[in-house]
Amino acid sequence: MEPILTPVLILLAAAFVVYRQMMTRPTARNGLVYVAGAMIVLGLVNGALIDTRHLTISIVLLVVEIVAAVALGAVRAATVRVWMDAAGATWSKATGWTMLAWAGSVVARVGLYYAGTLFGLASSTSSILFFIGLTVGVQALLVAWRGRALARETRPEDSFVR
């Protein structure tokens with residue numbers, strides 16, 4: 001794939017994920033988890049997550065990226081509205097706070113990129129793909145978990161006689 005095309009495709013995929021979150025969607029669907037998993041795998045397979053010339057600082061920055069991705073995914077998941085309809089299906093929809101949290105995620109990722117260049121680390125699109133996949137995956141899993149928890153809390157008791 002052309003080097004200039006990869007970042008464009010990553011940005012398009014991220015924009016599509018954000019756009020889909022703004023729509024009302026059932027929480028039971030796992031499509032976003034699979035997309036996030038594919039992004040993580042592609043980020044790992046493409047390599048270059050760790051700069052072997054600066055091994056220690058590269059590993060430290062990767063750990064910081066992982067922690068940031070997980071934390072930001074959790075923050076965004078907490079801002080998503082989750083509710084149950086009359087039929088008992090759980091739904092989710094991003095809010096304005098979710099969009100603000102996405103902006104914070106972008107700022108954090110750009111800051112991590114510039115921190116890496118400041119330390120002389122080689123940059124790659126693999127780390128961007130990995131970060132986006134991880135943060136989207138955490139958000140999707142937590143929103144799905146919230147939907148399942150809501151369904152358990154509001155489910156009527158069984159009428160089965162024991």
# chains A, B, ... in the order shown; residues from 1 in each chain; ligands from 1
>>> residues_around(residues="stretch 91-101 of chain A", least_positions_apart="3", cutoff="12 Å", atoms="only C-alpha atoms", output="VMD selection string")
chain A and resid 15 17 to 29 69 71 to 88 104 to 108 135 139 to 140 142 to 148 150 to 151
>>> select_by_dssp(residues="chain A", states="alpha helix (DSSP H)", output="VMD selection string")
chain A and resid 5 to 21 31 to 45 55 to 79 96 to 118 125 to 154
>>> residues_around(residues="A:Val35", least_positions_apart="2", cutoff="10 Å", atoms="only C-alpha atoms", output="PDB file with N, CA, C and O atoms, in the first residue's frame")
ATOM      1  N   ALA A  13     -11.351   5.499   8.514  1.00  0.00           N
ATOM      2  CA  ALA A  13     -11.919   4.467   9.387  1.00  0.00           C
ATOM      3  C   ALA A  13     -12.316   5.067  10.733  1.00  0.00           C
ATOM      4  O   ALA A  13     -13.397   4.773  11.264  1.00  0.00           O
ATOM      5  N   VAL A  17     -16.092   5.345  12.367  1.00  0.00           N
ATOM      6  CA  VAL A  17     -16.430   4.828  13.704  1.00  0.00           C
ATOM      7  C   VAL A  17     -17.122   5.910  14.528  1.00  0.00           C
ATOM      8  O   VAL A  17     -18.153   5.658  15.168  1.00  0.00           O
ATOM      9  N   ASN A  30     -21.811  -6.628  18.039  1.00  0.00           N
ATOM     10  CA  ASN A  30     -20.372  -6.714  18.296  1.00  0.00           C
ATOM     11  C   ASN A  30     -19.521  -6.292  17.108  1.00  0.00           C
ATOM     12  O   ASN A  30     -18.311  -6.496  17.128  1.00  0.00           O
ATOM     13  N   GLY A  31     -20.111  -5.731  16.079  1.00  0.00           N
ATOM     14  CA  GLY A  31     -19.358  -5.371  14.882  1.00  0.00           C
ATOM     15  C   GLY A  31     -18.184  -4.450  15.168  1.00  0.00           C
ATOM     16  O   GLY A  31     -17.089  -4.626  14.627  1.00  0.00           O
ATOM     17  N   LEU A  32     -18.397  -3.464  16.033  1.00  0.00           N
ATOM     18  CA  LEU A  32     -17.336  -2.510  16.337  1.00  0.00           C
ATOM     19  C   LEU A  32     -16.177  -3.172  17.076  1.00  0.00           C
ATOM     20  O   LEU A  32     -15.020  -2.801  16.884  1.00  0.00           O
ATOM     21  N   VAL A  33     -16.473  -4.170  17.876  1.00  0.00           N
ATOM     22  CA  VAL A  33     -15.412  -4.901  18.574  1.00  0.00           C
ATOM     23  C   VAL A  33     -14.536  -5.628  17.559  1.00  0.00           C
ATOM     24  O   VAL A  33     -13.302  -5.641  17.681  1.00  0.00           O
ATOM     25  N   GLY A  37     -10.672  -4.979  16.845  1.00  0.00           N
ATOM     26  CA  GLY A  37      -9.725  -6.092  16.903  1.00  0.00           C
ATOM     27  C   GLY A  37      -8.879  -6.186  15.643  1.00  0.00           C
ATOM     28  O   GLY A  37      -7.666  -6.420  15.710  1.00  0.00           O
ATOM     29  N   ALA A  38      -9.508  -5.968  14.502  1.00  0.00           N
ATOM     30  CA  ALA A  38      -8.767  -5.982  13.231  1.00  0.00           C
ATOM     31  C   ALA A  38      -7.740  -4.858  13.192  1.00  0.00           C
ATOM     32  O   ALA A  38      -6.608  -5.050  12.722  1.00  0.00           O
ATOM     33  N   MET A  39      -8.107  -3.682  13.699  1.00  0.00           N
ATOM     34  CA  MET A  39      -7.169  -2.558  13.722  1.00  0.00           C
ATOM     35  C   MET A  39      -5.980  -2.865  14.629  1.00  0.00           C
ATOM     36  O   MET A  39      -4.836  -2.548  14.291  1.00  0.00           O
ATOM     37  N   ILE A  40      -6.254  -3.480  15.776  1.00  0.00           N
ATOM     38  CA  ILE A  40      -5.173  -3.840  16.700  1.00  0.00           C
ATOM     39  C   ILE A  40      -4.237  -4.849  16.043  1.00  0.00           C
ATOM     40  O   ILE A  40      -3.010  -4.701  16.081  1.00  0.00           O
ATOM     41  N   VAL A  41      -4.822  -5.878  15.437  1.00  0.00           N
ATOM     42  CA  VAL A  41      -4.007  -6.911  14.787  1.00  0.00           C
ATOM     43  C   VAL A  41      -3.172  -6.312  13.659  1.00  0.00           C
ATOM     44  O   VAL A  41      -1.974  -6.592  13.537  1.00  0.00           O
ATOM     45  N   GLY A 133      -7.527   1.288  17.427  1.00  0.00           N
ATOM     46  CA  GLY A 133      -8.186   0.008  17.633  1.00  0.00           C
ATOM     47  C   GLY A 133      -8.395  -0.302  19.102  1.00  0.00           C
ATOM     48  O   GLY A 133      -9.477  -0.744  19.514  1.00  0.00           O
ATOM     49  N   VAL A 136     -11.043   2.252  20.676  1.00  0.00           N
ATOM     50  CA  VAL A 136     -12.391   1.963  20.180  1.00  0.00           C
ATOM     51  C   VAL A 136     -12.891   0.640  20.750  1.00  0.00           C
ATOM     52  O   VAL A 136     -14.054   0.520  21.142  1.00  0.00           O
ATOM     53  N   GLY A 137     -12.014  -0.353  20.824  1.00  0.00           N
ATOM     54  CA  GLY A 137     -12.398  -1.644  21.380  1.00  0.00           C
ATOM     55  C   GLY A 137     -12.814  -1.556  22.834  1.00  0.00           C
ATOM     56  O   GLY A 137     -13.827  -2.135  23.241  1.00  0.00           O
TER      57      GLY A 137
END
>>> closest_residue(among="A:Val60, A:Leu141, A:Val70, A:Ile10", to="A:Leu121", atoms="only C-alpha atoms")
A:Val60
>>> residues_around(residues="A:Leu118", least_positions_apart="6", cutoff="12 Å", atoms="only C-alpha atoms", output="number ranges by chain")
A: 57-58, 61, 111-112
>>> write_last_selection(atoms="all heavy atoms", output="CSV table (one decimal), in the first residue's frame")
chain,number,residue,atom,x,y,z
A,57,ILE,N,13.0,3.9,25.9
A,57,ILE,CA,12.0,5.0,25.8
A,57,ILE,C,10.8,4.6,24.9
A,57,ILE,O,9.7,5.0,25.1
A,57,ILE,CB,12.7,6.3,25.3
A,57,ILE,CG1,11.7,7.5,25.5
A,57,ILE,CG2,13.1,6.2,23.9
A,57,ILE,CD1,11.5,7.8,27.0
A,58,SER,N,11.1,3.7,23.9
A,58,SER,CA,10.1,3.2,23.0
A,58,SER,C,9.0,2.4,23.8
A,58,SER,O,7.8,2.5,23.6
A,58,SER,CB,10.7,2.5,21.8
A,58,SER,OG,9.7,2.1,20.9
A,61,LEU,N,7.0,4.6,26.1
A,61,LEU,CA,6.0,5.4,25.4
A,61,LEU,C,4.8,4.4,24.9
A,61,LEU,O,3.7,4.8,24.9
A,61,LEU,CB,6.6,6.1,24.2
A,61,LEU,CG,5.7,7.1,23.5
A,61,LEU,CD1,5.3,8.2,24.5
A,61,LEU,CD2,6.4,7.8,22.3
A,111,GLY,N,-0.2,14.4,21.0
A,111,GLY,CA,0.8,14.7,22.0
A,111,GLY,C,1.8,13.5,22.2
A,111,GLY,O,3.0,13.8,22.3
A,112,LEU,N,1.3,12.3,22.2
A,112,LEU,CA,2.2,11.2,22.3
A,112,LEU,C,3.1,11.0,21.0
A,112,LEU,O,4.2,10.7,21.1
A,112,LEU,CB,1.3,9.9,22.4
A,112,LEU,CG,0.7,9.7,23.8
A,112,LEU,CD1,-0.3,8.6,23.8
A,112,LEU,CD2,1.7,9.5,24.9
>>> decode(residues="stretch 95-108 of chain A", atoms="all heavy atoms", output="CSV table (one decimal), in the first residue's frame")
chain,number,residue,atom,x,y,z
A,95,THR,N,-23.0,11.1,22.8
A,95,THR,CA,-23.5,12.5,23.2
A,95,THR,C,-22.5,13.5,22.8
A,95,THR,O,-21.4,13.2,22.3
A,95,THR,CB,-23.8,12.5,24.7
A,95,THR,OG1,-22.5,12.4,25.4
A,95,THR,CG2,-24.7,11.5,25.2
A,96,GLY,N,-22.8,14.7,23.1
A,96,GLY,CA,-21.8,15.8,22.9
A,96,GLY,C,-20.6,15.6,23.7
A,96,GLY,O,-19.5,15.9,23.3
A,97,TRP,N,-20.8,15.1,24.9
A,97,TRP,CA,-19.6,14.8,25.8
A,97,TRP,C,-18.7,13.7,25.1
A,97,TRP,O,-17.5,13.8,25.3
A,97,TRP,CB,-20.1,14.3,27.1
A,97,TRP,CG,-20.7,15.4,27.9
A,97,TRP,CD1,-22.0,15.6,28.3
A,97,TRP,CD2,-20.0,16.6,28.5
A,97,TRP,NE1,-22.2,16.7,29.0
A,97,TRP,CE2,-21.0,17.4,29.1
A,97,TRP,CE3,-18.7,17.1,28.4
A,97,TRP,CZ2,-20.7,18.6,29.7
A,97,TRP,CZ3,-18.4,18.3,29.1
A,97,TRP,CH2,-19.4,19.0,29.7
A,98,THR,N,-19.3,12.8,24.4
A,98,THR,CA,-18.5,11.8,23.8
A,98,THR,C,-17.7,12.4,22.7
A,98,THR,O,-16.5,12.0,22.5
A,98,THR,CB,-19.4,10.7,23.1
A,98,THR,OG1,-20.4,10.3,24.1
A,98,THR,CG2,-18.7,9.5,22.6
A,99,MET,N,-18.2,13.3,21.9
A,99,MET,CA,-17.5,14.0,20.9
A,99,MET,C,-16.3,14.8,21.5
A,99,MET,O,-15.2,14.9,21.0
A,99,MET,CB,-18.4,14.9,20.1
A,99,MET,CG,-19.4,14.2,19.2
A,99,MET,SD,-18.7,13.0,18.1
A,99,MET,CE,-18.9,11.5,18.9
A,100,LEU,N,-16.6,15.5,22.6
A,100,LEU,CA,-15.5,16.2,23.3
A,100,LEU,C,-14.4,15.2,23.8
A,100,LEU,O,-13.2,15.5,23.7
A,100,LEU,CB,-16.1,17.0,24.5
A,100,LEU,CG,-15.2,17.9,25.3
A,100,LEU,CD1,-14.7,19.0,24.3
A,100,LEU,CD2,-15.9,18.5,26.4
A,101,ALA,N,-14.8,14.1,24.3
A,101,ALA,CA,-13.9,13.1,24.7
A,101,ALA,C,-13.1,12.5,23.5
A,101,ALA,O,-11.9,12.3,23.6
A,101,ALA,CB,-14.6,11.9,25.4
A,102,TRP,N,-13.7,12.4,22.3
A,102,TRP,CA,-13.0,12.0,21.1
A,102,TRP,C,-11.9,13.1,20.8
A,102,TRP,O,-10.8,12.8,20.4
A,102,TRP,CB,-13.9,11.9,20.0
A,102,TRP,CG,-14.3,10.4,19.8
A,102,TRP,CD1,-15.5,9.9,19.9
A,102,TRP,CD2,-13.5,9.3,19.4
A,102,TRP,NE1,-15.5,8.5,19.7
A,102,TRP,CE2,-14.2,8.2,19.3
A,102,TRP,CE3,-12.1,9.2,19.0
A,102,TRP,CZ2,-13.7,6.9,19.0
A,102,TRP,CZ3,-11.6,8.0,18.7
A,102,TRP,CH2,-12.4,6.9,18.7
A,103,ALA,N,-12.3,14.4,20.9
A,103,ALA,CA,-11.3,15.4,20.7
A,103,ALA,C,-10.2,15.3,21.6
A,103,ALA,O,-9.0,15.5,21.2
A,103,ALA,CB,-12.0,16.8,20.8
A,104,GLY,N,-10.4,15.0,22.9
A,104,GLY,CA,-9.4,14.8,23.9
A,104,GLY,C,-8.5,13.6,23.5
A,104,GLY,O,-7.3,13.7,23.7
A,105,SER,N,-9.1,12.6,22.9
A,105,SER,CA,-8.3,11.4,22.5
A,105,SER,C,-7.4,11.8,21.4
A,105,SER,O,-6.2,11.3,21.3
A,105,SER,CB,-9.3,10.3,22.0
A,105,SER,OG,-10.1,9.8,23.1
A,106,VAL,N,-7.9,12.6,20.4
A,106,VAL,CA,-7.0,13.0,19.3
A,106,VAL,C,-5.9,13.9,19.8
A,106,VAL,O,-4.7,13.7,19.4
A,106,VAL,CB,-7.9,13.8,18.3
A,106,VAL,CG1,-7.0,14.5,17.3
A,106,VAL,CG2,-8.9,12.9,17.6
A,107,VAL,N,-6.2,14.8,20.8
A,107,VAL,CA,-5.1,15.6,21.3
A,107,VAL,C,-4.1,14.8,22.1
A,107,VAL,O,-2.9,15.0,21.9
A,107,VAL,CB,-5.7,16.7,22.3
A,107,VAL,CG1,-4.7,17.4,23.1
A,107,VAL,CG2,-6.5,17.7,21.5
A,108,ALA,N,-4.5,13.8,22.8
A,108,ALA,CA,-3.6,12.9,23.5
A,108,ALA,C,-2.7,12.1,22.6
A,108,ALA,O,-1.5,12.0,22.8
A,108,ALA,CB,-4.4,11.9,24.4
